[in-house]
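What's in protein_26.txt: compact mmCIF, C-alpha atoms
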```
# COMPACT_ATOMS: atom_id res chain seq x y z
CA MET A 110 6.46 16.42 10.01
CA PHE A 111 4.37 15.59 6.95
CA ILE A 112 5.50 12.34 5.28
CA ASP A 113 3.36 11.06 2.40
CA SER A 114 5.41 8.08 1.16
CA ALA A 115 7.38 5.25 2.71
CA ARG A 116 9.00 1.94 1.81
CA ILE A 117 8.88 -0.96 4.27
CA GLU A 118 9.34 -4.72 4.44
CA ILE A 119 6.67 -6.91 5.98
CA GLU A 120 6.97 -10.59 6.85
CA ALA A 121 4.11 -12.55 8.33
CA GLY A 122 4.81 -15.04 11.09
CA VAL A 123 5.80 -18.64 10.42
CA GLY A 124 3.36 -21.30 11.54
CA GLY A 125 4.10 -23.33 14.65
CA ASN A 126 5.63 -26.79 14.25
CA GLY A 127 3.66 -29.98 14.61
CA ILE A 128 5.17 -32.59 16.91
CA VAL A 129 5.57 -36.35 17.15
CA ALA A 130 4.04 -37.81 20.31
CA PHE A 131 2.24 -40.99 21.30
CA ARG A 132 -0.54 -41.71 23.71
CA ARG A 133 0.78 -43.60 26.74
CA GLU A 134 -1.88 -44.03 29.38
CA SER A 135 -2.86 -46.85 31.66
CA PHE A 136 -5.59 -49.09 30.35
CA VAL A 137 -5.32 -47.57 26.85
CA GLU A 138 -4.19 -50.27 24.45
CA MET A 139 -2.39 -49.26 21.25
CA GLY A 140 -2.69 -45.55 22.05
CA GLY A 141 -1.25 -44.39 18.76
CA PRO A 142 -0.11 -40.94 17.53
CA TYR A 143 -0.97 -38.07 19.84
CA GLY A 144 1.14 -35.11 18.61
CA GLY A 145 -0.65 -31.82 18.13
CA SER A 146 -0.43 -29.36 15.22
CA GLY A 147 1.12 -25.90 15.37
CA GLY A 148 -0.79 -22.63 15.40
CA ARG A 149 -1.01 -20.11 12.57
CA GLY A 150 1.64 -17.41 12.32
CA ALA A 151 0.74 -13.73 12.70
CA ASN A 152 -0.86 -11.92 9.76
CA ILE A 153 0.31 -8.42 8.85
CA VAL A 154 -2.84 -6.29 8.82
CA PHE A 155 -3.26 -2.64 7.80
CA GLU A 156 -5.99 -0.63 9.50
CA VAL A 157 -7.24 2.88 8.71
CA ASP A 158 -7.13 5.37 11.59
CA GLU A 159 -8.78 8.70 10.83
CA GLY A 160 -6.74 10.31 13.62
CA LEU A 161 -3.54 9.94 11.55
CA ARG A 162 -2.48 12.45 8.90
CA THR A 163 1.01 11.28 7.93
CA LEU A 164 3.17 8.19 7.33
CA LEU A 165 5.83 9.51 9.68
CA ASP A 166 5.97 6.34 11.83
CA PHE A 167 7.04 4.27 8.83
CA SER A 168 10.06 6.49 8.23
CA TYR A 169 11.57 5.31 11.53
CA LYS A 170 10.80 1.60 11.41
CA LYS A 171 11.29 -0.13 8.07
CA LYS A 172 10.71 -3.82 8.81
CA TYR A 173 7.76 -5.53 10.48
CA ILE A 174 7.86 -9.24 11.32
CA GLY A 175 4.96 -11.23 12.71
CA GLU A 176 5.40 -13.68 15.57
CA ALA A 177 5.49 -17.40 14.96
CA GLY A 178 2.56 -19.61 15.89
CA GLU A 179 2.88 -21.80 18.96
CA ASN A 180 4.15 -25.34 18.44
CA GLY A 181 1.79 -28.26 18.87
CA ARG A 182 1.67 -30.09 22.18
CA ASN A 183 1.12 -33.58 23.49
CA LYS A 184 -2.39 -35.06 23.76
CA SER A 185 -3.14 -33.75 20.21
CA GLN A 186 -3.35 -30.17 21.46
CA HIS A 187 -3.05 -27.47 18.82
CA GLY A 188 -0.69 -24.57 19.39
CA HIS A 189 -2.16 -21.08 19.72
CA ALA A 190 -2.27 -18.82 16.66
CA ALA A 191 0.00 -15.76 16.92
CA LYS A 192 -1.56 -12.35 17.44
CA ASP A 193 -1.83 -10.34 14.22
CA VAL A 194 0.42 -7.32 13.69
CA ILE A 195 -1.80 -4.26 13.17
CA LEU A 196 -0.22 -1.37 11.28
CA LYS A 197 -2.34 1.80 11.39
CA VAL A 198 -2.32 4.20 8.46
CA PRO A 199 -4.16 7.46 7.67
CA PRO A 200 -7.21 7.47 5.37
CA GLY A 201 -6.18 7.64 1.72
CA THR A 202 -3.16 5.34 1.99
CA VAL A 203 -2.38 3.31 -1.13
CA LEU A 204 -0.40 0.05 -0.81
CA ILE A 205 1.81 -1.03 -3.73
CA ASN A 206 4.08 -4.05 -4.19
CA ASP A 207 7.43 -2.28 -4.45
CA THR A 208 9.05 -5.23 -6.27
CA THR A 209 6.49 -5.64 -9.07
CA ASN A 210 4.88 -2.17 -8.85
CA GLU A 211 1.52 -3.96 -8.57
CA PHE A 212 -1.35 -2.07 -6.96
CA ILE A 213 -2.63 -3.89 -3.86
CA CYS A 214 -5.35 -1.80 -2.24
CA ASP A 215 -6.57 1.69 -1.41
CA LEU A 216 -7.45 2.19 2.25
CA ILE A 217 -10.12 4.85 2.66
CA HIS A 218 -12.64 4.35 5.46
CA HIS A 219 -11.97 4.59 9.20
CA GLY A 220 -11.63 1.13 10.75
CA GLU A 221 -11.14 -0.58 7.38
CA LYS A 222 -8.75 -3.55 7.63
CA LYS A 223 -6.85 -5.54 5.01
CA ILE A 224 -4.64 -8.60 5.49
CA ILE A 225 -1.63 -7.86 3.31
CA ALA A 226 0.73 -10.69 4.33
CA LYS A 227 -0.81 -13.93 5.57
CA GLY A 228 0.79 -15.90 8.39
CA GLY A 229 1.94 -19.43 7.62
CA ARG A 230 -0.34 -22.28 8.63
CA GLY A 231 0.75 -24.47 11.48
CA GLY A 232 2.53 -27.72 10.68
CA ARG A 233 0.52 -30.88 11.33
CA GLY A 234 1.44 -33.26 14.11
CA ASN A 235 1.45 -37.03 13.76
CA PHE A 236 -2.09 -37.19 15.18
CA ALA A 237 -3.38 -35.25 12.15
CA LEU A 238 -1.14 -37.12 9.69
CA ALA A 239 -1.87 -40.65 10.92
CA LYS A 240 -3.56 -42.96 8.44
CA ALA A 241 -5.76 -45.97 9.08
CA GLY A 242 -3.68 -49.02 9.92
CA ARG A 243 -0.47 -46.97 10.36
CA HIS A 244 -0.48 -45.77 13.95
CA ALA A 245 3.23 -45.79 14.72
CA LEU A 246 4.31 -43.15 12.21
CA GLU A 247 6.87 -40.62 13.43
CA ILE A 248 5.88 -37.91 10.98
CA CYS A 249 5.08 -34.26 11.48
CA GLU A 250 5.44 -30.94 9.65
CA ASN A 251 7.23 -27.73 10.43
CA GLY A 252 5.19 -24.56 10.20
CA GLU A 253 4.62 -22.90 6.84
CA PRO A 254 6.66 -19.72 6.25
CA GLY A 255 4.73 -16.45 6.38
CA GLU A 256 4.35 -14.28 3.30
CA PHE A 257 6.99 -11.62 2.67
CA LEU A 258 6.60 -8.37 0.74
CA ASN A 259 8.50 -5.22 -0.10
CA LEU A 260 5.81 -2.60 0.24
CA ARG A 261 5.45 1.00 -0.89
CA LEU A 262 2.99 3.23 0.95
CA GLU A 263 1.65 6.40 -0.68
CA LEU A 264 -0.67 8.81 1.08
CA LYS A 265 -3.16 10.71 -1.07
CA LEU A 266 -5.09 13.20 1.03
CA LEU A 267 -8.85 12.80 1.27
CA ALA A 268 -9.82 16.41 0.62
CA ASP A 269 -13.06 17.56 -1.00
CA VAL A 270 -11.46 20.65 -2.49
CA GLY A 271 -7.94 21.38 -3.71
CA LEU A 272 -6.33 24.80 -4.12
CA VAL A 273 -3.90 25.01 -7.04
CA GLY A 274 -1.93 27.83 -8.56
CA LEU A 275 1.51 29.24 -9.18
CA PRO A 276 3.70 30.24 -6.21
CA SER A 277 2.69 33.38 -4.29
CA VAL A 278 -0.79 33.71 -5.80
CA GLY A 279 -2.33 33.69 -2.31
CA LYS A 280 -3.38 30.06 -1.73
CA SER A 281 -2.20 30.00 1.88
CA SER A 282 -3.85 33.35 2.59
CA LEU A 283 -7.13 32.12 1.12
CA ILE A 284 -7.20 28.85 3.07
CA SER A 285 -6.48 30.82 6.24
CA VAL A 286 -9.66 32.91 5.75
CA MET A 287 -11.75 30.01 4.43
CA SER A 288 -10.92 27.71 7.35
CA SER A 289 -9.36 27.58 10.80
CA VAL A 290 -5.96 26.42 9.57
CA ARG A 291 -3.11 28.91 10.00
CA PRO A 292 -0.35 28.12 7.48
CA LYS A 293 2.88 30.04 7.19
CA ILE A 294 2.34 33.10 4.97
CA ALA A 295 5.20 35.13 3.53
CA GLN A 296 5.97 37.16 0.41
CA TYR A 297 8.39 34.76 -1.21
CA HIS A 298 7.99 31.74 -3.44
CA PHE A 299 7.51 28.24 -2.02
CA THR A 300 6.55 29.40 1.46
CA THR A 301 4.27 26.36 1.55
CA LEU A 302 6.45 23.25 1.66
CA VAL A 303 3.78 20.65 2.50
CA PRO A 304 0.02 20.43 1.94
CA ASN A 305 -2.18 22.20 4.47
CA LEU A 306 -5.59 20.76 5.37
CA GLY A 307 -8.43 22.87 6.70
CA VAL A 308 -12.17 22.56 7.29
CA SER A 309 -14.48 25.19 5.82
CA LYS A 310 -17.98 25.70 7.23
CA THR A 311 -21.05 27.44 5.85
CA ASN A 312 -23.48 29.48 7.93
CA ASP A 313 -26.05 26.68 7.64
CA GLY A 314 -23.72 24.12 9.26
CA ARG A 315 -22.33 22.30 6.21
CA SER A 316 -18.59 21.64 6.08
CA PHE A 317 -15.92 20.31 3.72
CA VAL A 318 -12.18 19.60 3.76
CA ILE A 319 -9.94 21.86 1.72
CA ALA A 320 -6.27 21.29 0.83
CA ASP A 321 -3.72 23.96 -0.01
CA LEU A 322 -0.96 22.41 -2.14
CA PRO A 323 2.55 23.83 -2.59
CA GLY A 324 2.84 26.15 -5.58
CA LEU A 325 3.10 24.56 -9.00
CA ILE A 326 5.39 25.81 -11.74
CA GLU A 327 5.67 25.05 -15.43
CA GLY A 328 7.00 21.49 -15.82
CA ALA A 329 5.63 20.33 -12.45
CA ALA A 330 4.10 17.21 -14.01
CA GLN A 331 7.62 16.22 -15.13
CA GLY A 332 9.06 16.75 -11.65
CA LYS A 333 10.09 20.40 -11.57
CA GLY A 334 9.69 22.56 -8.50
CA LEU A 335 8.19 21.55 -5.15
CA GLY A 336 4.59 20.98 -6.14
CA HIS A 337 5.17 17.94 -8.38
CA GLN A 338 5.52 15.53 -5.47
CA PHE A 339 2.19 16.72 -4.03
CA LEU A 340 0.13 16.62 -7.23
CA LYS A 341 -1.07 13.16 -6.16
CA HIS A 342 -2.99 14.79 -3.30
CA ILE A 343 -5.32 16.45 -5.78
CA GLU A 344 -6.24 13.12 -7.42
CA ARG A 345 -9.09 12.51 -4.97
CA THR A 346 -10.53 16.03 -4.88
CA LYS A 347 -14.01 16.64 -6.24
CA ILE A 348 -13.53 20.36 -6.91
CA ILE A 349 -10.44 22.31 -7.94
CA LEU A 350 -10.19 25.95 -6.92
CA HIS A 351 -7.76 27.53 -9.35
CA ILE A 352 -6.20 30.62 -7.74
CA ILE A 353 -5.12 33.40 -10.11
CA ASP A 354 -3.20 36.52 -9.07
CA MET A 355 -5.50 38.96 -10.83
CA GLY A 356 -3.58 41.93 -9.41
CA SER A 357 -0.44 40.98 -11.41
CA PHE A 358 1.54 41.72 -8.26
CA GLU A 359 4.76 40.32 -9.77
CA GLY A 360 4.07 41.45 -13.31
CA ARG A 361 2.36 38.19 -14.21
CA ASN A 362 -0.17 37.73 -16.96
CA PRO A 363 -3.26 36.02 -15.43
CA ILE A 364 -4.18 34.42 -18.76
CA ILE A 365 -0.74 32.82 -19.18
CA ASP A 366 -0.76 31.69 -15.52
CA TYR A 367 -4.11 29.99 -16.03
CA ASP A 368 -2.87 28.16 -19.13
CA ILE A 369 0.31 26.98 -17.39
CA ILE A 370 -1.47 25.34 -14.46
CA ASN A 371 -4.18 23.74 -16.60
CA LYS A 372 -1.49 22.28 -18.87
CA GLU A 373 0.23 20.72 -15.86
CA LEU A 374 -3.04 19.21 -14.60
CA VAL A 375 -3.70 17.64 -18.00
CA GLU A 376 -0.17 16.25 -18.31
CA TYR A 377 -0.26 14.79 -14.80
CA GLY A 378 -3.25 12.64 -15.76
CA PHE A 379 -5.95 11.05 -13.56
CA ASP A 380 -8.56 12.94 -15.59
CA LEU A 381 -7.99 16.09 -13.51
CA GLU A 382 -9.09 18.36 -16.35
CA SER A 383 -12.60 16.89 -16.10
CA ARG A 384 -13.05 17.83 -12.44
CA LYS A 385 -15.29 20.73 -11.58
CA GLN A 386 -13.06 23.82 -11.54
CA ILE A 387 -13.75 27.31 -10.24
CA VAL A 388 -11.35 30.19 -10.87
CA LEU A 389 -10.81 32.42 -7.86
CA ALA A 390 -9.62 35.79 -9.12
CA ASN A 391 -7.55 36.71 -6.07
CA LYS A 392 -6.03 40.03 -4.98
CA MET A 393 -8.97 42.06 -6.26
CA ASP A 394 -7.96 44.77 -3.79
CA LEU A 395 -4.97 45.70 -6.02
CA PRO A 396 -5.22 48.56 -8.57
CA ASN A 397 -4.93 46.55 -11.82
CA ALA A 398 -7.14 43.68 -10.72
CA LYS A 399 -10.45 44.81 -12.25
CA GLU A 400 -8.92 45.58 -15.64
CA ASN A 401 -7.11 42.22 -15.70
CA LEU A 402 -10.30 40.44 -14.71
CA GLU A 403 -12.19 41.95 -17.65
CA GLN A 404 -9.45 40.80 -20.04
CA PHE A 405 -9.51 37.34 -18.48
CA LYS A 406 -13.29 37.07 -18.90
CA ILE A 407 -12.96 37.94 -22.59
CA SER A 408 -10.41 35.15 -23.11
CA TYR A 409 -12.31 32.60 -20.99
CA SER A 410 -15.98 33.46 -21.24
CA ASN A 411 -17.06 29.89 -20.42
CA VAL A 412 -15.08 29.63 -17.16
CA GLU A 413 -16.78 30.16 -13.80
CA ILE A 414 -14.96 33.00 -12.03
CA ILE A 415 -15.46 34.41 -8.55
CA PRO A 416 -13.57 37.62 -7.62
CA VAL A 417 -12.05 37.35 -4.13
CA SER A 418 -9.54 39.02 -1.84
CA ALA A 419 -7.85 37.30 1.05
CA ILE A 420 -7.08 40.72 2.55
CA THR A 421 -10.57 42.25 2.49
CA LYS A 422 -12.35 38.83 2.50
CA GLU A 423 -14.34 39.90 -0.55
CA GLY A 424 -16.22 36.92 -2.07
CA ILE A 425 -15.07 34.40 0.56
CA ASP A 426 -18.56 33.62 1.89
CA LEU A 427 -19.82 33.24 -1.68
CA VAL A 428 -17.01 30.75 -2.50
CA ILE A 429 -17.69 28.63 0.59
CA LEU A 430 -21.42 28.51 -0.12
CA LYS A 431 -20.87 27.75 -3.82
CA VAL A 432 -18.46 24.89 -3.05
CA ALA A 433 -20.82 23.41 -0.44
CA ASP A 434 -23.70 23.43 -2.95
CA LEU A 435 -21.56 21.74 -5.61
CA LEU A 436 -20.40 19.07 -3.16
CA ASP A 437 -24.04 18.32 -2.33
CA GLU A 438 -24.65 17.75 -6.04
CA ILE A 439 -21.56 15.58 -6.51
CA GLY A 440 -22.25 13.41 -3.49
CA ASN A 441 -19.98 11.70 -0.98
CA ILE A 442 -17.83 9.80 -3.46
CA PHE A 443 -14.06 10.14 -3.48
CA HIS A 444 -11.93 9.44 -6.53
CA ILE A 445 -10.15 6.28 -5.37
CA SER A 446 -7.76 3.89 -7.06
CA GLU A 447 -9.24 0.88 -8.79
CA GLN A 448 -9.69 -1.93 -6.31
CA PRO A 449 -8.42 -5.43 -7.14
CA LYS A 450 -11.02 -8.03 -8.04
CA ARG A 451 -9.85 -10.26 -5.20
CA LYS A 452 -11.19 -9.42 -1.75
CA LEU A 453 -7.77 -9.84 -0.16
CA TYR A 454 -4.39 -9.53 -1.78
CA LYS A 455 -2.93 -12.94 -2.59
CA PHE A 456 0.64 -13.46 -3.64
CA GLU A 457 1.22 -14.96 -7.06
CA TYR A 458 4.17 -17.33 -6.87
CA ASP A 459 6.03 -19.08 -9.66
CA ASN A 460 5.48 -22.75 -8.94
CA GLY A 461 7.96 -23.86 -11.60
CA ILE A 462 10.99 -25.98 -10.74
CA ASP A 463 14.41 -24.83 -11.94
CA ILE A 464 17.30 -27.34 -12.14
CA TYR A 465 20.85 -26.20 -12.92
CA ARG A 466 24.53 -26.93 -12.23
CA ASP A 467 26.44 -24.34 -10.24
CA GLU A 468 30.09 -23.34 -10.78
CA ALA A 469 31.23 -26.29 -8.64
CA GLY A 470 29.28 -28.71 -10.83
CA ASP A 471 26.68 -29.52 -8.16
CA ILE A 472 23.02 -29.98 -9.07
CA ASN A 473 20.77 -27.26 -7.63
CA ILE A 474 16.98 -27.27 -7.50
CA ARG A 475 14.95 -24.11 -7.02
CA GLY A 476 11.24 -23.35 -7.00
CA PHE A 477 8.69 -21.99 -4.56
CA GLU A 478 6.83 -25.27 -3.92
CA ILE A 479 9.93 -27.39 -3.40
CA GLU A 480 11.55 -24.79 -1.11
CA ARG A 481 8.30 -24.57 0.85
CA LEU A 482 8.36 -28.38 1.20
CA VAL A 483 11.93 -28.28 2.53
CA LYS A 484 11.07 -25.60 5.08
CA MET A 485 8.07 -27.56 6.32
CA THR A 486 9.88 -30.92 6.58
CA ASN A 487 11.34 -32.12 9.86
CA PHE A 488 14.33 -34.23 8.82
CA ASN A 489 14.91 -35.68 12.30
CA THR A 490 12.95 -38.90 11.70
CA PHE A 491 13.14 -41.56 9.00
CA ASP A 492 9.39 -41.39 8.38
CA ASN A 493 9.60 -37.67 7.62
CA ILE A 494 12.51 -38.21 5.21
CA ARG A 495 10.61 -40.97 3.39
CA ARG A 496 7.53 -38.74 3.17
CA PHE A 497 9.69 -35.96 1.74
CA ALA A 498 11.10 -38.30 -0.95
CA ASN A 499 7.63 -39.54 -1.89
CA THR A 500 6.38 -35.97 -2.21
CA LEU A 501 9.26 -35.14 -4.56
CA LYS A 502 8.24 -38.05 -6.77
CA THR A 503 4.62 -36.88 -6.75
CA MET A 504 5.75 -33.39 -7.79
CA GLY A 505 7.63 -34.88 -10.74
CA VAL A 506 11.06 -33.81 -9.48
CA TYR A 507 12.61 -37.24 -10.08
CA ASP A 508 11.42 -37.25 -13.69
CA LEU A 509 12.90 -33.78 -14.23
CA LEU A 510 16.23 -34.87 -12.74
CA GLU A 511 16.33 -37.88 -15.05
CA GLU A 512 15.60 -35.66 -18.06
CA PHE A 513 18.37 -33.32 -16.93
CA GLY A 514 20.79 -36.24 -17.03
CA VAL A 515 21.50 -36.56 -13.31
CA GLU A 516 23.20 -39.86 -12.46
CA PRO A 517 22.36 -41.93 -9.34
CA GLY A 518 24.63 -41.02 -6.46
CA GLU A 519 25.10 -37.39 -7.51
CA LEU A 520 24.66 -34.65 -4.91
CA ILE A 521 21.47 -32.60 -5.04
CA ILE A 522 21.30 -29.21 -3.29
CA VAL A 523 18.02 -27.61 -2.24
CA MET A 524 18.50 -24.41 -0.22
CA ASP A 525 20.84 -25.35 2.68
CA TYR A 526 20.21 -29.09 2.40
CA GLU A 527 22.16 -31.70 0.43
CA PHE A 528 20.64 -34.98 -0.76
CA GLN A 529 22.00 -37.93 -2.69
CA TYR A 530 20.01 -38.74 -5.81
CA ASP A 531 18.81 -42.34 -5.87
CA GLN A 532 16.17 -43.61 -8.25
```
Can the structure in the file be given as structure tokens, please?
Amino acid sequence: MFIDSARIEIEAGVGGNGIVAFRRESFVEMGGPYGGSGGRGANIVFEVDEGLRTLLDFSYKKKYIGEAGENGRNKSQHGHAAKDVILKVPPGTVLINDTTNEFICDLIHHGEKKIIAKGGRGGRGNFALAKAGRHALEICENGEPGEFLNLRLELKLLADVGLVGLPSVGKSSLISVMSSVRPKIAQYHFTTLVPNLGVSKTNDGRSFVIADLPGLIEGAAQGKGLGHQFLKHIERTKIILHIIDMGSFEGRNPIIDYDIINKELVEYGFDLESRKQIVLANKMDLPNAKENLEQFKISYSNVEIIPVSAITKEGIDLVILKVADLLDEIGNIFHISEQPKRKLYKFEYDNGIDIYRDEAGDINIRGFEIERLVKMTNFNTFDNIRRFANTLKTMGVYDLLEEFGVEPGELIIVMDYEFQYDQ
């Protein structure tokens, strides 16, 4: 089954917790803190696998969660980092933040890897947090939460050449004689329901990938018909082979057909009208084909036209050779989405602090940094609680509460924790 889009959730692993421990060994005076730090949580990594041709796997599993890092151990031993989660995708997969619609990256080359969600760092143990002259501190950190993202995956086929045209103009028949692919061929509209990929070869050993797209109709760029959802697969093509039914088998006018498809390519965007285009005048074995071709040449004297027939194979070798020569001139450069300036995608969080009263009259505090602090604080020891309070002061939370008019003794709620405000 060909699936070219998917929506998933990814959540990198939380870092391992640091621990509180002390060195207790014979003949070691004043051993001091000895608790190790936690290991990093698992990253969510996307890797290109040229053996894949569809996003089918992501239609069955919608959520991917990385493992947590290992907790720290005694004797200042760090916990192990969790093994990264590797998600393999076909070449040409585009990753988009489904919440903000922000472009993340375009994965093209086999073996290419991108870290999309970073695992949380491990929390520090009291060995790492100890300060000079303060060796009895019972402080440590919990692991940092991993990054979370609603992700949209879109596959845009990496084909050198794209076949476009109205339904039943012979695209599937042509790709079957130009390559080894054997698509379903029948005399009714929309026989082709998904793109077909084939490899064409010249007599001198050159080859290129060709894609047969489902038939387009007028209004396809606005979502009509079957072809609209596959127009994205032509974005990367270097050459467009525009198939025209020159035999007027269904009473069509080849000139009108040509105008309809070109209008849809322009309206779809991505500068498709500027791509090298060759018109394949198909069905030249039919009685009216030659007369229609002459009329077409009069209307479009500046268009490159090659008469062909999928039945008699007239002109097929010429087309394959012509396309191979053009691809040599264009070079091995695909039309890819603009890459972000940053090497790896980094989440942009709102670090602001929001203070408000809920319906019950309680004071609530929200904000990424303060919620991160709560998650990484171990509230089981007095030293950790005092460190948490000092960090709030450093962040300016106490000043904001005073400006908000909070009175000493009032209840403060941060996530699932309740604190009593005391200046």
Atom pair CA of Asp437 (chain A) / CA of Ala320 (chain A): separation (Å):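 CA of Ala320 (chain A) lies at a distance of 18.3 Å from CA of Asp437 (chain A).
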Pick from A:Lys170, A:Asp426, A:Ala226, A:Ile387 nearest to Ser309 (chain A), counting only C-alpha atoms: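 Selected residue with least distance to Ser309 (chain A): A:Asp426.
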Region 254-264 of chain A surroundings by all atoms listed in the file, 8 Å radius, close-in-sequence under 6 positions cut, as a PDB file with C-alpha atoms, in the coordinates of the input:
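Contents of part-v7.pdb, freshly written:
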```pdb
ATOM      1  CA  ASP A 113       3.360  11.060   2.400  1.00  0.00           C
ATOM      2  CA  SER A 114       5.410   8.080   1.160  1.00  0.00           C
ATOM      3  CA  ALA A 115       7.380   5.250   2.710  1.00  0.00           C
ATOM      4  CA  ARG A 116       9.000   1.940   1.810  1.00  0.00           C
ATOM      5  CA  ILE A 117       8.880  -0.960   4.270  1.00  0.00           C
ATOM      6  CA  GLU A 118       9.340  -4.720   4.440  1.00  0.00           C
ATOM      7  CA  ILE A 119       6.670  -6.910   5.980  1.00  0.00           C
ATOM      8  CA  GLU A 120       6.970 -10.590   6.850  1.00  0.00           C
ATOM      9  CA  ALA A 121       4.110 -12.550   8.330  1.00  0.00           C
ATOM     10  CA  GLY A 122       4.810 -15.040  11.090  1.00  0.00           C
ATOM     11  CA  VAL A 123       5.800 -18.640  10.420  1.00  0.00           C
ATOM     12  CA  GLY A 124       3.360 -21.300  11.540  1.00  0.00           C
ATOM     13  CA  GLY A 150       1.640 -17.410  12.320  1.00  0.00           C
ATOM     14  CA  ALA A 151       0.740 -13.730  12.700  1.00  0.00           C
ATOM     15  CA  ASN A 152      -0.860 -11.920   9.760  1.00  0.00           C
ATOM     16  CA  THR A 163       1.010  11.280   7.930  1.00  0.00           C
ATOM     17  CA  LEU A 164       3.170   8.190   7.330  1.00  0.00           C
ATOM     18  CA  PRO A 199      -4.160   7.460   7.670  1.00  0.00           C
ATOM     19  CA  PRO A 200      -7.210   7.470   5.370  1.00  0.00           C
ATOM     20  CA  GLY A 201      -6.180   7.640   1.720  1.00  0.00           C
ATOM     21  CA  THR A 202      -3.160   5.340   1.990  1.00  0.00           C
ATOM     22  CA  VAL A 203      -2.380   3.310  -1.130  1.00  0.00           C
ATOM     23  CA  LEU A 204      -0.400   0.050  -0.810  1.00  0.00           C
ATOM     24  CA  ILE A 205       1.810  -1.030  -3.730  1.00  0.00           C
ATOM     25  CA  ASN A 206       4.080  -4.050  -4.190  1.00  0.00           C
ATOM     26  CA  ASP A 207       7.430  -2.280  -4.450  1.00  0.00           C
ATOM     27  CA  THR A 208       9.050  -5.230  -6.270  1.00  0.00           C
ATOM     28  CA  ALA A 226       0.730 -10.690   4.330  1.00  0.00           C
ATOM     29  CA  LYS A 227      -0.810 -13.930   5.570  1.00  0.00           C
ATOM     30  CA  GLY A 228       0.790 -15.900   8.390  1.00  0.00           C
ATOM     31  CA  GLY A 229       1.940 -19.430   7.620  1.00  0.00           C
ATOM     32  CA  ARG A 230      -0.340 -22.280   8.630  1.00  0.00           C
ATOM     33  CA  HIS A 342      -2.990  14.790  -3.300  1.00  0.00           C
ATOM     34  CA  PHE A 456       0.640 -13.460  -3.640  1.00  0.00           C
ATOM     35  CA  ARG A 481       8.300 -24.570   0.850  1.00  0.00           C
ATOM     36  CA  LYS A 484      11.070 -25.600   5.080  1.00  0.00           C
ATOM     37  CA  MET A 485       8.070 -27.560   6.320  1.00  0.00           C
TER      38      MET A 485
END
```
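In this comparison, which uses only C-alpha atoms, the residue of A:Asp434, A:Phe155, A:Glu179, A:Phe477 approaching His218 (chain A) most closely is A:Phe155.
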Taking into account only C-alpha atoms, which residue in the set A:Thr500, A:Ser146, A:Asn312, A:Ser185 is nearest to Leu430 (chain A)? A:Asn312
Which polymer residues, protein or nucleic acid, are no farther than 12 Å from (-8.0, 26.0, -3.7), counting all atoms listed in the file, as a PyMOL selection string? chain A and resi 268-275+278-288+304-307+309+318-324+343+346-353+385-391+425+428-429+432
Put the listed atoms of region 195-205 of chain A in a box along x, y and z with 5 Å added on every side and give me the centre and edge lengths in Å to one decimal, as lines of an AutoDock Vina configuration file.
```
center_x = -2.7
center_y = 1.7
center_z = 4.7
size_x = 19.0
size_y = 21.9
size_z = 26.9
```
Between CA of Gly232 (chain A) and CA of Gly461 (chain A), what distance in Å does the model show, to one decimal? 23.3 Å
Among listed residues A:Cys249, A:Ile474, A:Ala191, A:Val129, nearest Ile462 (chain A) (using all atoms listed in the file): A:Ile474
When distances are computed from only C-alpha atoms, which of A:Thr490, A:Ile522, A:Pro416, A:Tyr409 shows the smallest separation from Tyr465 (chain A)?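 With only C-alpha atoms as the atom set, the closest residue is A:Ile522.
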